[in-house]
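Source file: model.cif. Holds: mmCIF, C-alpha atoms.
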```
data_entry
#
loop_
_atom_site.group_PDB
_atom_site.id
_atom_site.type_symbol
_atom_site.label_atom_id
_atom_site.label_comp_id
_atom_site.auth_asym_id
_atom_site.auth_seq_id
_atom_site.Cartn_x
_atom_site.Cartn_y
_atom_site.Cartn_z
ATOM 1 C CA MET A 1 53.617 -8.577 49.669
ATOM 2 C CA ASN A 2 54.416 -10.666 46.641
ATOM 3 C CA GLY A 3 56.451 -13.387 48.286
ATOM 4 C CA ALA A 4 59.661 -14.209 46.423
ATOM 5 C CA HIS A 5 58.847 -11.838 43.605
ATOM 6 C CA THR A 6 61.006 -8.731 43.831
ATOM 7 C CA ASP A 7 60.011 -6.640 40.811
ATOM 8 C CA ALA A 8 58.355 -3.302 41.476
ATOM 9 C CA VAL A 9 54.567 -3.281 41.516
ATOM 10 C CA LEU A 10 53.447 -2.578 37.965
ATOM 11 C CA PHE A 11 50.131 -0.960 38.638
ATOM 12 C CA ASP A 12 48.945 -0.045 42.086
ATOM 13 C CA THR A 13 45.577 -1.723 42.301
ATOM 14 C CA ALA A 14 43.198 -2.504 45.116
ATOM 15 C CA LEU A 15 42.655 -5.900 43.488
ATOM 16 C CA LEU A 16 46.027 -7.017 44.935
ATOM 17 C CA ASP A 17 44.353 -7.311 48.321
ATOM 18 C CA ARG A 18 41.071 -8.834 47.200
ATOM 19 C CA HIS A 19 40.498 -12.170 48.957
ATOM 20 C CA ARG A 20 43.518 -11.511 51.185
ATOM 21 C CA GLN A 21 41.755 -13.185 54.111
ATOM 22 C CA HIS A 22 41.157 -16.314 52.009
ATOM 23 C CA ARG A 23 44.563 -16.483 50.398
ATOM 24 C CA THR A 24 46.765 -19.391 51.456
ATOM 25 C CA ALA A 25 49.539 -19.009 48.880
ATOM 26 C CA ARG A 26 50.599 -16.686 46.083
ATOM 27 C CA VAL A 27 52.993 -17.383 43.232
ATOM 28 C CA THR A 28 53.915 -14.674 40.746
ATOM 29 C CA LEU A 29 54.945 -15.293 37.151
ATOM 30 C CA ARG A 30 56.262 -12.936 34.520
ATOM 31 C CA LEU A 31 54.292 -12.531 31.291
ATOM 32 C CA GLN A 32 56.404 -11.360 28.374
ATOM 33 C CA SER A 33 56.343 -14.010 25.661
ATOM 34 C CA ASP A 34 54.207 -16.678 23.955
ATOM 35 C CA GLU A 35 56.093 -19.278 25.964
ATOM 36 C CA ASP A 36 55.103 -17.568 29.222
ATOM 37 C CA VAL A 37 51.439 -18.049 28.252
ATOM 38 C CA VAL A 38 51.994 -21.770 27.703
ATOM 39 C CA GLY A 39 53.842 -21.990 31.040
ATOM 40 C CA LEU A 40 50.981 -20.249 32.831
ATOM 41 C CA ARG A 41 48.377 -22.569 31.273
ATOM 42 C CA LYS A 42 50.337 -25.554 32.614
ATOM 43 C CA GLN A 43 50.599 -24.076 36.121
ATOM 44 C CA VAL A 44 46.904 -23.168 36.241
ATOM 45 C CA ARG A 45 45.934 -26.650 35.054
ATOM 46 C CA GLU A 46 48.075 -28.265 37.765
ATOM 47 C CA ARG A 47 46.504 -26.108 40.485
ATOM 48 C CA ALA A 48 43.005 -26.751 39.157
ATOM 49 C CA VAL A 49 43.631 -30.499 39.226
ATOM 50 C CA ALA A 50 45.088 -30.221 42.744
ATOM 51 C CA ILE A 51 41.863 -28.746 44.170
ATOM 52 C CA ALA A 52 39.812 -31.221 42.118
ATOM 53 C CA LEU A 53 37.968 -28.752 39.896
ATOM 54 C CA SER A 54 35.764 -30.565 37.400
ATOM 55 C CA LEU A 55 37.271 -31.064 33.947
ATOM 56 C CA VAL A 56 34.941 -28.434 32.482
ATOM 57 C CA ASP A 57 35.849 -25.902 35.184
ATOM 58 C CA GLN A 58 39.562 -26.669 34.723
ATOM 59 C CA THR A 59 39.209 -26.015 31.023
ATOM 60 C CA LYS A 60 37.268 -22.790 31.592
ATOM 61 C CA LEU A 61 39.861 -21.444 34.024
ATOM 62 C CA VAL A 62 42.841 -22.385 31.842
ATOM 63 C CA THR A 63 41.146 -20.834 28.802
ATOM 64 C CA ALA A 64 40.392 -17.603 30.687
ATOM 65 C CA ALA A 65 44.026 -17.560 31.855
ATOM 66 C CA SER A 66 45.205 -17.924 28.274
ATOM 67 C CA GLU A 67 43.004 -15.078 27.028
ATOM 68 C CA LEU A 68 43.957 -12.695 29.826
ATOM 69 C CA ALA A 69 47.673 -13.518 29.653
ATOM 70 C CA ARG A 70 47.626 -12.753 25.936
ATOM 71 C CA ASN A 71 45.903 -9.415 26.668
ATOM 72 C CA THR A 72 48.564 -8.559 29.257
ATOM 73 C CA ILE A 73 51.321 -9.196 26.725
ATOM 74 C CA LYS A 74 49.664 -7.817 23.610
ATOM 75 C CA TYR A 75 47.872 -4.749 24.961
ATOM 76 C CA GLY A 76 49.695 -4.171 28.249
ATOM 77 C CA GLY A 77 53.192 -4.598 26.865
ATOM 78 C CA GLY A 78 53.859 -7.470 29.262
ATOM 79 C CA GLY A 79 53.378 -7.719 32.987
ATOM 80 C CA GLU A 80 52.812 -10.351 35.597
ATOM 81 C CA VAL A 81 50.225 -12.710 36.994
ATOM 82 C CA HIS A 82 49.631 -13.693 40.601
ATOM 83 C CA LEU A 83 48.351 -17.230 41.079
ATOM 84 C CA ASP A 84 46.497 -17.388 44.382
ATOM 85 C CA SER A 85 45.347 -20.449 46.264
ATOM 86 C CA LEU A 86 42.132 -19.556 48.065
ATOM 87 C CA ALA A 87 40.281 -21.217 50.921
ATOM 88 C CA ASP A 88 36.975 -19.977 52.305
ATOM 89 C CA GLY A 89 36.172 -22.428 55.058
ATOM 90 C CA ILE A 90 36.225 -25.781 53.330
ATOM 91 C CA ARG A 91 35.597 -24.218 49.928
ATOM 92 C CA LYS A 92 38.714 -23.997 47.770
ATOM 93 C CA GLY A 93 39.398 -21.793 44.815
ATOM 94 C CA ILE A 94 41.987 -20.319 42.498
ATOM 95 C CA GLY A 95 42.468 -16.619 41.854
ATOM 96 C CA LEU A 96 44.423 -15.194 38.936
ATOM 97 C CA LEU A 97 45.373 -11.525 38.974
ATOM 98 C CA PHE A 98 46.883 -10.097 35.795
ATOM 99 C CA ILE A 99 48.677 -6.754 36.079
ATOM 100 C CA ASP A 100 50.387 -4.622 33.479
ATOM 101 C CA ALA A 101 51.670 -1.061 33.253
ATOM 102 C CA GLY A 102 50.355 -0.515 29.761
ATOM 103 C CA PRO A 103 48.221 2.260 28.313
ATOM 104 C CA GLY A 104 45.134 1.239 30.308
ATOM 105 C CA ILE A 105 41.584 0.878 29.062
ATOM 106 C CA ALA A 106 39.673 4.106 28.486
ATOM 107 C CA ASP A 107 36.220 2.558 28.224
ATOM 108 C CA ILE A 108 35.919 -0.694 30.172
ATOM 109 C CA ASP A 109 32.261 -1.278 29.299
ATOM 110 C CA ASN A 110 33.165 -1.167 25.633
ATOM 111 C CA ALA A 111 36.184 -3.420 26.135
ATOM 112 C CA LEU A 112 33.961 -6.035 27.794
ATOM 113 C CA ARG A 113 31.640 -6.167 24.815
ATOM 114 C CA ASP A 114 32.117 -9.119 22.478
ATOM 115 C CA GLY A 115 33.691 -8.108 19.217
ATOM 116 C CA PHE A 116 35.364 -4.996 20.567
ATOM 117 C CA THR A 117 39.070 -4.997 19.806
ATOM 118 C CA THR A 118 41.795 -2.442 19.238
ATOM 119 C CA GLY A 119 44.373 -5.037 18.294
ATOM 120 C CA GLY A 120 42.945 -6.990 15.383
ATOM 121 C CA GLY A 121 41.854 -9.927 17.541
ATOM 122 C CA LEU A 122 38.371 -11.374 17.859
ATOM 123 C CA GLY A 123 37.487 -9.200 20.834
ATOM 124 C CA LEU A 124 36.421 -12.177 22.933
ATOM 125 C CA GLY A 125 39.193 -12.122 25.535
ATOM 126 C CA LEU A 126 37.735 -9.914 28.270
ATOM 127 C CA GLY A 127 34.032 -10.623 27.870
ATOM 128 C CA GLY A 128 34.709 -14.318 27.283
ATOM 129 C CA SER A 129 36.905 -14.579 30.368
ATOM 130 C CA LYS A 130 34.183 -12.941 32.436
ATOM 131 C CA ARG A 131 31.716 -15.609 31.332
ATOM 132 C CA LEU A 132 34.194 -18.418 32.054
ATOM 133 C CA ALA A 133 35.000 -17.300 35.613
ATOM 134 C CA ASP A 134 32.931 -17.296 38.839
ATOM 135 C CA GLU A 135 34.221 -13.849 39.787
ATOM 136 C CA PHE A 136 35.609 -11.185 37.494
ATOM 137 C CA GLU A 137 36.919 -7.742 38.387
ATOM 138 C CA ILE A 138 38.813 -5.216 36.358
ATOM 139 C CA GLU A 139 40.537 -2.000 37.313
ATOM 140 C CA SER A 140 42.267 0.241 34.818
ATOM 141 C CA ARG A 141 43.509 3.805 34.680
ATOM 142 C CA PRO A 142 44.574 5.328 31.375
ATOM 143 C CA GLY A 143 48.329 5.852 31.301
ATOM 144 C CA GLU A 144 48.884 3.701 34.406
ATOM 145 C CA GLY A 145 47.905 0.156 33.654
ATOM 146 C CA THR A 146 45.306 -2.553 33.960
ATOM 147 C CA ALA A 147 44.530 -5.265 36.501
ATOM 148 C CA VAL A 148 42.117 -8.118 35.890
ATOM 149 C CA LEU A 149 41.112 -10.647 38.530
ATOM 150 C CA VAL A 150 39.336 -13.931 37.834
ATOM 151 C CA VAL A 151 38.350 -16.518 40.434
ATOM 152 C CA LYS A 152 37.064 -20.044 40.068
ATOM 153 C CA TRP A 153 35.674 -21.857 43.105
ATOM 154 C CA LYS A 154 35.356 -25.594 43.535
ATOM 155 C CA ARG A 155 31.689 -26.514 43.365
ATOM 156 C CA MET B 1 62.363 -24.170 14.129
ATOM 157 C CA GLU B 2 59.556 -25.926 15.950
ATOM 158 C CA ARG B 3 56.793 -27.145 13.616
ATOM 159 C CA ILE B 4 53.736 -29.344 13.725
ATOM 160 C CA PRO B 5 54.118 -32.166 11.172
ATOM 161 C CA ILE B 6 51.684 -32.410 8.270
ATOM 162 C CA LEU B 7 51.122 -35.911 6.814
ATOM 163 C CA ARG B 8 49.865 -36.564 3.310
ATOM 164 C CA MET B 9 47.447 -39.392 2.503
ATOM 165 C CA GLY B 10 46.461 -39.365 -1.148
ATOM 166 C CA ASP B 11 44.960 -35.940 -1.717
ATOM 167 C CA LEU B 12 44.355 -35.368 1.983
ATOM 168 C CA LEU B 13 46.525 -33.566 4.481
ATOM 169 C CA LEU B 14 46.401 -34.842 8.037
ATOM 170 C CA VAL B 15 47.493 -32.878 11.079
ATOM 171 C CA THR B 16 47.448 -34.124 14.643
ATOM 172 C CA ILE B 17 48.050 -31.368 17.158
ATOM 173 C CA GLN B 18 49.702 -32.967 20.165
ATOM 174 C CA VAL B 19 51.459 -30.067 21.815
ATOM 175 C CA ASP B 20 50.186 -27.122 23.820
ATOM 176 C CA MET B 21 50.490 -24.571 21.040
ATOM 177 C CA HIS B 22 51.859 -21.135 21.643
ATOM 178 C CA ASP B 23 50.634 -18.426 19.287
ATOM 179 C CA ARG B 24 53.598 -18.413 16.883
ATOM 180 C CA LEU B 25 53.346 -22.180 16.476
ATOM 181 C CA ALA B 26 49.645 -21.858 15.626
ATOM 182 C CA MET B 27 50.398 -19.194 13.014
ATOM 183 C CA GLN B 28 53.199 -21.349 11.580
ATOM 184 C CA LEU B 29 50.780 -24.262 11.203
ATOM 185 C CA GLN B 30 48.261 -22.046 9.397
ATOM 186 C CA ASP B 31 50.965 -20.890 6.947
ATOM 187 C CA ASP B 32 52.383 -24.397 6.448
ATOM 188 C CA LEU B 33 48.954 -25.913 5.791
ATOM 189 C CA THR B 34 48.027 -23.258 3.264
ATOM 190 C CA GLU B 35 51.299 -23.774 1.400
ATOM 191 C CA ARG B 36 50.966 -27.550 1.447
ATOM 192 C CA ILE B 37 47.408 -27.401 0.070
ATOM 193 C CA VAL B 38 48.803 -25.689 -3.010
ATOM 194 C CA SER B 39 52.099 -27.589 -3.378
ATOM 195 C CA ASP B 40 50.456 -31.012 -2.824
ATOM 196 C CA GLY B 41 47.227 -30.189 -4.649
ATOM 197 C CA ALA B 42 45.295 -31.370 -1.588
ATOM 198 C CA LYS B 43 41.498 -31.553 -1.700
ATOM 199 C CA GLY B 44 40.927 -32.072 1.997
ATOM 200 C CA VAL B 45 42.489 -31.125 5.317
ATOM 201 C CA LEU B 46 41.814 -33.091 8.462
ATOM 202 C CA ILE B 47 42.867 -31.507 11.749
ATOM 203 C CA ASP B 48 42.804 -33.827 14.755
ATOM 204 C CA ILE B 49 42.563 -31.855 18.013
ATOM 205 C CA SER B 50 41.685 -34.780 20.290
ATOM 206 C CA ALA B 51 44.885 -34.234 22.274
ATOM 207 C CA LEU B 52 44.203 -30.519 22.829
ATOM 208 C CA ASP B 53 42.866 -29.731 26.290
ATOM 209 C CA LEU B 54 42.265 -26.085 25.392
ATOM 210 C CA VAL B 55 41.100 -24.105 22.392
ATOM 211 C CA ASP B 56 41.212 -20.402 23.147
ATOM 212 C CA SER B 57 40.229 -17.546 20.860
ATOM 213 C CA PHE B 58 43.629 -17.473 19.177
ATOM 214 C CA ILE B 59 43.698 -21.174 18.328
ATOM 215 C CA GLY B 60 40.020 -20.998 17.381
ATOM 216 C CA ARG B 61 40.706 -18.150 15.006
ATOM 217 C CA MET B 62 43.633 -20.068 13.492
ATOM 218 C CA ILE B 63 41.326 -23.016 12.831
ATOM 219 C CA SER B 64 38.625 -20.808 11.290
ATOM 220 C CA ASN B 65 41.140 -18.938 9.139
ATOM 221 C CA THR B 66 42.776 -22.142 7.964
ATOM 222 C CA ALA B 67 39.386 -23.521 6.908
ATOM 223 C CA ALA B 68 38.552 -20.298 5.067
ATOM 224 C CA MET B 69 41.908 -20.231 3.276
ATOM 225 C CA ALA B 70 41.561 -23.902 2.347
ATOM 226 C CA ARG B 71 38.101 -23.216 0.921
ATOM 227 C CA VAL B 72 39.466 -20.466 -1.289
ATOM 228 C CA LEU B 73 42.143 -22.919 -2.447
ATOM 229 C CA ASP B 74 39.531 -25.564 -3.335
ATOM 230 C CA ALA B 75 40.092 -27.795 -0.315
ATOM 231 C CA ARG B 76 37.723 -28.759 2.478
ATOM 232 C CA THR B 77 38.650 -28.787 6.163
ATOM 233 C CA VAL B 78 37.295 -31.018 8.884
ATOM 234 C CA VAL B 79 38.240 -30.631 12.544
ATOM 235 C CA VAL B 80 37.925 -33.862 14.505
ATOM 236 C CA GLY B 81 38.089 -35.087 18.080
ATOM 237 C CA MET B 82 37.213 -32.014 20.098
ATOM 238 C CA GLN B 83 36.962 -32.890 23.794
ATOM 239 C CA PRO B 84 33.542 -32.168 25.378
ATOM 240 C CA ALA B 85 35.017 -29.794 27.993
ATOM 241 C CA VAL B 86 36.743 -27.885 25.201
ATOM 242 C CA ALA B 87 33.490 -27.609 23.242
ATOM 243 C CA ILE B 88 31.598 -26.276 26.288
ATOM 244 C CA THR B 89 34.313 -23.728 27.014
ATOM 245 C CA LEU B 90 34.622 -22.646 23.397
ATOM 246 C CA VAL B 91 30.928 -21.834 23.075
ATOM 247 C CA GLU B 92 30.821 -20.043 26.430
ATOM 248 C CA LEU B 93 33.843 -18.033 25.351
ATOM 249 C CA GLY B 94 31.809 -16.943 22.344
ATOM 250 C CA LEU B 95 33.540 -18.869 19.567
ATOM 251 C CA THR B 96 31.437 -20.903 17.171
ATOM 252 C CA LEU B 97 34.081 -21.897 14.585
ATOM 253 C CA HIS B 98 31.791 -20.572 11.909
ATOM 254 C CA GLY B 99 32.244 -22.305 8.576
ATOM 255 C CA VAL B 100 34.306 -25.168 9.978
ATOM 256 C CA ARG B 101 33.096 -28.746 9.462
ATOM 257 C CA THR B 102 33.591 -31.011 12.463
ATOM 258 C CA ALA B 103 33.432 -34.743 13.143
ATOM 259 C CA LEU B 104 33.749 -36.802 16.301
ATOM 260 C CA ASN B 105 36.795 -38.778 15.194
ATOM 261 C CA VAL B 106 39.275 -39.286 12.355
ATOM 262 C CA GLU B 107 37.220 -42.058 10.714
ATOM 263 C CA LYS B 108 34.058 -39.929 10.604
ATOM 264 C CA GLY B 109 36.115 -36.964 9.436
ATOM 265 C CA MET B 110 37.508 -39.037 6.564
ATOM 266 C CA ALA B 111 33.989 -40.111 5.654
ATOM 267 C CA LEU B 112 32.925 -36.474 5.611
ATOM 268 C CA LEU B 113 35.750 -35.726 3.207
ATOM 269 C CA GLY B 114 34.432 -38.484 0.964
ATOM 270 C CA LYS B 115 37.137 -41.023 1.547
ATOM 271 C CA SER B 116 36.722 -44.699 2.215
ATOM 272 C CA TYR B 117 38.733 -45.596 5.264
ATOM 273 C CA LYS B 118 39.597 -49.293 5.327
#
```
Would you mind writing the structure in this file as structure tokens?
Amino acid sequence: MNGAHTDAVLFDTALLDRHRQHRTARVTLRLQSDEDVVGLRKQVRERAVAIALSLVDQTKLVTAASELARNTIKYGGGGEVHLDSLADGIRKGIGLLFIDAGPGIADIDNALRDGFTTGGGLGLGLGGSKRLADEFEIESRPGEGTAVLVVKWKR
Amino acid sequence: MERIPILRMGDLLLVTIQVDMHDRLAMQLQDDLTERIVSDGAKGVLIDISALDLVDSFIGRMISNTAAMARVLDARTVVVGMQPAVAITLVELGLTLHGVRTALNVEKGMALLGKSYK
């Protein structure tokens, strides 16, 4: 299911199959360290340039990726991200699915609110990423993990 | 250890961020700048982010904190050169860099810090 990636699935989420019919490629990266976040930003930027997203949309997607990758590491204890190339007819897009096996989020509505944080951050990561993406979905079960999907489509 | 260089010009400190900063590097810069303000007796800090193609909440917070620490240490901070796409994204993300002075380029930033730039 995950191509060359052989690690066990971290958190069994229905979001893994979202956009399956539009997915043309999937690459999976590990998220454990600061350097992994920088590596992901570079990969997302390259893909965004490749499908000719506008500079503003590139920047929004890379910024959302940075926020969510940091969440995966800081709150989820590390995990992975699937980078999906999407095609819906002639419309192209990029999907990023972040998965961890951390403590999960007890109250998602609260976590999406600006300023809500349990980790001493600014509390802008989740809500901010939602605003920066075209599609945003989150699934979390306490004690099992969290999955967050963001999608940006070429306009 | 990897560090972002800090240049001194008179009583100004000048930083040009030219790498994609990971979080530890951003924290290191905040610490280094605060120490240099005191050790050099700097009155102004100019941070050039024209080469940065992303300012996320972590980097934004580092910039805000640095400006606040500088203020407490009797120095002013100006952030210059933010790319338009970065500004749009930053505001949509919900960051306003409250309390941080900005200028479009280094020359205007210098002027804001009260320096002639010839």
### Message
At a cut-off of 7 Å, using only C-alpha atoms, what residues contact segment 28-44 of chain A? Leave out same-chain residues fewer than 4 positions from it and give the result as a PyMOL selection string.
### Response
(chain A and resi 5+48+62+65-66+69-70+73+78-83) or (chain B and resi 20+22-23)
Write out as a Markdown table the residues of chain A that have any atom within 6 Å of an atom of chain B, one row each with the nearest atom pair and its distance in Å to one decimal, counting all atoms listed in the file, sorted by chain and then rising number.
```
| residue | atom | partner | partner_atom | distance |
| --- | --- | --- | --- | --- |
| A:Asp34 | CA | B:His22 | CA | 5.5 |
| A:Val56 | CA | B:Ala85 | CA | 4.7 |
| A:Lys60 | CA | B:Thr89 | CA | 5.5 |
| A:Thr63 | CA | B:Asp56 | CA | 5.7 |
| A:Gly128 | CA | B:Leu93 | CA | 4.3 |
```
#### Entry: Test item: the PyMOL selection byres ((chain B and resi 101-115) around 8) resolved as a ChimeraX atom specification
/B:44,46,48,76-82,99-100,116-117
Any chance you could export the current selection's C-alpha atoms as a PDB file, in the frame of the given file?
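Output file out_2.pdb is given in full below:
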```
ATOM      1  CA  GLY B  44      40.927 -32.072   1.997  1.00  0.00           C
ATOM      2  CA  LEU B  46      41.814 -33.091   8.462  1.00  0.00           C
ATOM      3  CA  ASP B  48      42.804 -33.827  14.755  1.00  0.00           C
ATOM      4  CA  ARG B  76      37.723 -28.759   2.478  1.00  0.00           C
ATOM      5  CA  THR B  77      38.650 -28.787   6.163  1.00  0.00           C
ATOM      6  CA  VAL B  78      37.295 -31.018   8.884  1.00  0.00           C
ATOM      7  CA  VAL B  79      38.240 -30.631  12.544  1.00  0.00           C
ATOM      8  CA  VAL B  80      37.925 -33.862  14.505  1.00  0.00           C
ATOM      9  CA  GLY B  81      38.089 -35.087  18.080  1.00  0.00           C
ATOM     10  CA  MET B  82      37.213 -32.014  20.098  1.00  0.00           C
ATOM     11  CA  GLY B  99      32.244 -22.305   8.576  1.00  0.00           C
ATOM     12  CA  VAL B 100      34.306 -25.168   9.978  1.00  0.00           C
ATOM     13  CA  SER B 116      36.722 -44.699   2.215  1.00  0.00           C
ATOM     14  CA  TYR B 117      38.733 -45.596   5.264  1.00  0.00           C
TER      15      TYR B 117
END
```
### Task
For the structure provided, state which residues fall under the PyMOL selection byres ((chain B and resi 27-40) around 7), and present them as a PyMOL selection string.
chain B and resi 4+23-26+41-42+62+66+69-70
### Task
In Å, rounded to a single decimal, give me how far atom CA of Arg26 of chain A is from atom CA of Asp84 of chain A.
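Calculated distance between atom CA of Asp84 of chain A and atom CA of Arg26 of chain A is 4.5 Å.
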As a CSV table (one decimal), in the frame of the given file, the rebuilt segment 28-41 of chain B with N, CA and C atoms:
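The result, written out as rebuild.csv:
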```csv
chain,number,residue,atom,x,y,z
B,28,GLN,N,52.3,-20.6,12.5
B,28,GLN,CA,53.2,-21.3,11.6
B,28,GLN,C,52.4,-22.5,10.9
B,29,LEU,N,51.6,-23.2,11.7
B,29,LEU,CA,50.8,-24.3,11.2
B,29,LEU,C,49.8,-23.8,10.1
B,30,GLN,N,49.2,-22.6,10.4
B,30,GLN,CA,48.3,-22.0,9.4
B,30,GLN,C,49.0,-21.8,8.1
B,31,ASP,N,50.2,-21.2,8.2
B,31,ASP,CA,51.0,-20.9,6.9
B,31,ASP,C,51.4,-22.2,6.2
B,32,ASP,N,51.9,-23.1,7.0
B,32,ASP,CA,52.4,-24.4,6.4
B,32,ASP,C,51.3,-25.1,5.7
B,33,LEU,N,50.1,-25.2,6.4
B,33,LEU,CA,49.0,-25.9,5.8
B,33,LEU,C,48.5,-25.3,4.5
B,34,THR,N,48.5,-24.0,4.5
B,34,THR,CA,48.0,-23.3,3.3
B,34,THR,C,49.0,-23.5,2.1
B,35,GLU,N,50.3,-23.5,2.4
B,35,GLU,CA,51.3,-23.8,1.4
B,35,GLU,C,51.2,-25.2,0.9
B,36,ARG,N,51.0,-26.1,1.9
B,36,ARG,CA,51.0,-27.6,1.4
B,36,ARG,C,49.7,-27.9,0.6
B,37,ILE,N,48.6,-27.2,0.9
B,37,ILE,CA,47.4,-27.4,0.1
B,37,ILE,C,47.7,-27.1,-1.4
B,38,VAL,N,48.5,-26.1,-1.6
B,38,VAL,CA,48.8,-25.7,-3.0
B,38,VAL,C,49.9,-26.6,-3.6
B,39,SER,N,51.0,-26.8,-2.8
B,39,SER,CA,52.1,-27.6,-3.4
B,39,SER,C,51.7,-29.1,-3.6
B,40,ASP,N,50.8,-29.6,-2.7
B,40,ASP,CA,50.5,-31.0,-2.8
B,40,ASP,C,49.2,-31.2,-3.6
B,41,GLY,N,48.5,-30.1,-4.0
B,41,GLY,CA,47.2,-30.2,-4.6
B,41,GLY,C,46.2,-30.9,-3.8
```
